[in-house]
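Chemist: Have a look at the structure that comes next, please.
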Amino acid sequence: MRHFRDFVHSIGFTLPPSLHFSSALLPDFHHVTKTYALDEESKGRLRDYMTHHTLYLDDFGHIDQGDFVLAFSFGDSDSTNQKLANVVDLVCHSNPKLDVCLQQEVAKHTNLSNATEISCQDYQTTFDVAQKAKLLGLGQRVVVVAQAWHAKRCIETCQSLGLDVVALRGVNHFPFDDPQPWVRNPINWVIKESHRELFSGVQVSQKYQLA
């Protein structure tokens, strides 16, 4: 995570305790560039995002307290979604009675016979997926499976719909070859998330030359 640390220092920010993790425990993600075209307003948004928003880099909760599992995909490529599918398989192997909902990019990597695939030909937002899962009426207590840096939004979206997130199982991985630039590494991701109220992922990628 050296590149990420160097990046946050370059915008005049000190990592909060929630992001003080050991580089020995996490891979050094792939970064194409060390410089980003950020103005002072953008740097301020980044500092605010990293100061006030919890990143769920650690799992929590008890799976056996859930009514169903909901797995959110991350990006369009296979690498991270395959890892998410592997987590789903482990969760379901140890808790076979749980209902399972999988976003389509994760579903294609599992062979679970009891899984409900949440699919759509158009782009699905985190809200779309959570809402469709809730409408299935599988219960209120959900075990979320998500990419670790995406987990915050997955959890908050479920909660906004009245679901009780009782556990999280995450994957701390970024698909460096994904067609969506904003999911390729942690720097791109926090730039995108800190500006999501202003721009779409495509717009952020273009504006800040995410690679």
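Ligands are numbered from 1 in the order shown, residues from 1 within each chain, and chains are lettered A, B, ... in the order they appear in the structure tokens.
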Can you list, as a ChimeraX atom specification, all residues belonging to chain A that DSSP tags as strand (DSSP E)?
Modeler: /A:60-61,68-71,99-103,115-118,141-147,164-171
Chemist: From the DSSP assignment of the backbone, select every residue of range 16-166 of chain A that is alpha helix (DSSP H), and format the answer as a VMD selection string.
Modeler: chain A and resid 40 to 52 78 to 94 104 to 107 126 to 135 151 to 160
Chemist: Which residue gives the smallest distance to Leu138 in chain A among A:Leu90, A:Gln209, A:Glu41, A:Thr116, with only C-alpha atoms counted?
Modeler: A:Thr116
Chemist: Excluding Val87 in chain A and its own-chain neighbours fewer than 4 positions away, which residues fall within 10 Å of it when counting only C-alpha atoms? Please give them as a PyMOL selection string.
Modeler: chain A and resi 71+81-83+91-93+145-146+169-171
Chemist: Store the residues of this selection in a file with N, CA, C and O atoms, as a PDB file, in the first residue's frame.
Modeler:
ATOM      1  N   ALA A  71     -24.433 -10.947  -2.225  1.00  0.00           N
ATOM      2  CA  ALA A  71     -23.084 -10.686  -2.738  1.00  0.00           C
ATOM      3  C   ALA A  71     -23.134  -9.649  -3.849  1.00  0.00           C
ATOM      4  O   ALA A  71     -23.843  -9.821  -4.845  1.00  0.00           O
ATOM      5  N   ASN A  81     -14.315 -10.627  -8.865  1.00  0.00           N
ATOM      6  CA  ASN A  81     -15.611 -11.301  -8.742  1.00  0.00           C
ATOM      7  C   ASN A  81     -15.454 -12.796  -8.498  1.00  0.00           C
ATOM      8  O   ASN A  81     -16.282 -13.411  -7.816  1.00  0.00           O
ATOM      9  N   GLN A  82     -14.394 -13.396  -9.041  1.00  0.00           N
ATOM     10  CA  GLN A  82     -14.107 -14.797  -8.738  1.00  0.00           C
ATOM     11  C   GLN A  82     -13.781 -14.966  -7.257  1.00  0.00           C
ATOM     12  O   GLN A  82     -14.234 -15.911  -6.599  1.00  0.00           O
ATOM     13  N   LYS A  83     -13.006 -14.034  -6.703  1.00  0.00           N
ATOM     14  CA  LYS A  83     -12.666 -14.100  -5.276  1.00  0.00           C
ATOM     15  C   LYS A  83     -13.906 -13.912  -4.408  1.00  0.00           C
ATOM     16  O   LYS A  83     -14.058 -14.569  -3.358  1.00  0.00           O
ATOM     17  N   VAL A  91     -18.995 -19.363   2.711  1.00  0.00           N
ATOM     18  CA  VAL A  91     -20.084 -18.981   3.610  1.00  0.00           C
ATOM     19  C   VAL A  91     -21.227 -19.990   3.519  1.00  0.00           C
ATOM     20  O   VAL A  91     -21.772 -20.443   4.540  1.00  0.00           O
ATOM     21  N   CYS A  92     -21.576 -20.361   2.307  1.00  0.00           N
ATOM     22  CA  CYS A  92     -22.718 -21.254   2.115  1.00  0.00           C
ATOM     23  C   CYS A  92     -22.385 -22.693   2.502  1.00  0.00           C
ATOM     24  O   CYS A  92     -23.269 -23.451   2.916  1.00  0.00           O
ATOM     25  N   HIS A  93     -21.133 -23.071   2.356  1.00  0.00           N
ATOM     26  CA  HIS A  93     -20.737 -24.416   2.769  1.00  0.00           C
ATOM     27  C   HIS A  93     -20.898 -24.589   4.278  1.00  0.00           C
ATOM     28  O   HIS A  93     -21.328 -25.660   4.748  1.00  0.00           O
ATOM     29  N   VAL A 145     -21.606  -9.857   1.292  1.00  0.00           N
ATOM     30  CA  VAL A 145     -20.306 -10.231   0.739  1.00  0.00           C
ATOM     31  C   VAL A 145     -19.948  -9.178  -0.294  1.00  0.00           C
ATOM     32  O   VAL A 145     -20.722  -8.941  -1.235  1.00  0.00           O
ATOM     33  N   ALA A 146     -18.799  -8.516  -0.102  1.00  0.00           N
ATOM     34  CA  ALA A 146     -18.465  -7.386  -0.968  1.00  0.00           C
ATOM     35  C   ALA A 146     -16.964  -7.154  -0.999  1.00  0.00           C
ATOM     36  O   ALA A 146     -16.228  -7.593  -0.106  1.00  0.00           O
ATOM     37  N   ARG A 169     -18.480 -10.207   4.958  1.00  0.00           N
ATOM     38  CA  ARG A 169     -17.312 -10.965   4.546  1.00  0.00           C
ATOM     39  C   ARG A 169     -16.780 -10.295   3.274  1.00  0.00           C
ATOM     40  O   ARG A 169     -17.495 -10.184   2.283  1.00  0.00           O
ATOM     41  N   GLY A 170     -15.556  -9.825   3.357  1.00  0.00           N
ATOM     42  CA  GLY A 170     -15.016  -9.005   2.284  1.00  0.00           C
ATOM     43  C   GLY A 170     -13.811  -9.601   1.597  1.00  0.00           C
ATOM     44  O   GLY A 170     -13.181 -10.541   2.076  1.00  0.00           O
ATOM     45  N   VAL A 171     -13.486  -8.998   0.455  1.00  0.00           N
ATOM     46  CA  VAL A 171     -12.308  -9.350  -0.332  1.00  0.00           C
ATOM     47  C   VAL A 171     -11.543  -8.069  -0.609  1.00  0.00           C
ATOM     48  O   VAL A 171     -12.087  -7.142  -1.224  1.00  0.00           O
TER      49      VAL A 171
END
Chemist: Ranking A:Asp99, A:Glu40, A:Asp128, A:Glu197 by minimum distance to Leu161 in chain A and counting only C-alpha atoms, which one comes first?
Modeler: A:Asp128
Chemist: Could you state the separation of CA of Phe74 in chain A and CA of Gly12 in chain A in Å, given to one decimal place?
Modeler: 29.1 Å
Chemist: Excluding Val165 in chain A and any residue of its chain fewer than 5 positions from it, enumerate the residues within 9 Å of it, using only C-alpha atoms, and give them as a short mmCIF file (atom, residue, chain, number, x, y, z; two decimals) with N, CA and C atoms, in the first residue's frame.
Modeler:
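Saved the output as around-v7.cif:
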data_model
loop_
_atom_site.label_atom_id
_atom_site.label_comp_id
_atom_site.auth_asym_id
_atom_site.auth_seq_id
_atom_site.Cartn_x
_atom_site.Cartn_y
_atom_site.Cartn_z
N GLY A 61 -19.25 -9.64 12.43
CA GLY A 61 -20.54 -10.28 12.60
C GLY A 61 -20.52 -11.80 12.49
N GLY A 66 -27.85 -14.42 10.08
CA GLY A 66 -28.47 -13.86 8.88
C GLY A 66 -29.62 -14.69 8.35
N GLN A 140 -35.00 -9.95 6.81
CA GLN A 140 -34.46 -8.61 7.08
C GLN A 140 -32.98 -8.62 7.44
N ARG A 141 -32.48 -9.76 7.87
CA ARG A 141 -31.10 -9.84 8.35
C ARG A 141 -30.21 -10.39 7.24
N VAL A 142 -29.27 -9.56 6.80
CA VAL A 142 -28.48 -9.91 5.63
C VAL A 142 -27.00 -10.03 5.96
N VAL A 143 -26.38 -11.03 5.36
CA VAL A 143 -24.92 -11.18 5.38
C VAL A 143 -24.40 -10.62 4.06
N VAL A 144 -23.65 -9.55 4.12
CA VAL A 144 -23.13 -8.91 2.91
C VAL A 144 -21.77 -9.50 2.55
N ILE A 155 -23.16 -1.74 2.59
CA ILE A 155 -23.79 -1.80 3.91
C ILE A 155 -24.78 -0.66 4.09
N GLU A 156 -24.36 0.56 3.78
CA GLU A 156 -25.23 1.72 3.97
C GLU A 156 -26.45 1.67 3.07
N CYS A 158 -27.96 -1.12 1.99
CA CYS A 158 -28.87 -2.10 2.59
C CYS A 158 -29.60 -1.50 3.78
N GLN A 159 -28.88 -0.79 4.62
CA GLN A 159 -29.50 -0.18 5.79
C GLN A 159 -30.54 0.86 5.40
#
Chemist: Looking at only C-alpha atoms, which of A:Leu46, A:Val106, A:Ala130, A:Cys120 is the one that sits closest to Ile187 in chain A?
Modeler: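 Closest candidate: A:Leu46.
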Chemist: Taking into account only C-alpha atoms, which residue in the set A:Lys132, A:His62, A:His195, A:Lys108 is nearest to Leu168 in chain A?
Modeler: A:His62
Chemist: Point out the residue among A:Ala151, A:Leu198, A:Leu163, A:Val88 with the least atom-to-atom distance to Phe60 in chain A, counting only C-alpha atoms.
Modeler: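 Of all the options, A:Ala151 lies closest to Phe60 in chain A.
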Chemist: What gap, in Å, lies between CA of Ile63 in chain A and CA of Gln104 in chain A?
Modeler: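 Those two atoms sit 22.0 Å apart.
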Chemist: Using only C-alpha atoms, which of the listed residues (A:Ser119, A:Thr125, A:Gln180, A:Ser205) sits closest to Lys192 in chain A?
Modeler: A:Ser205
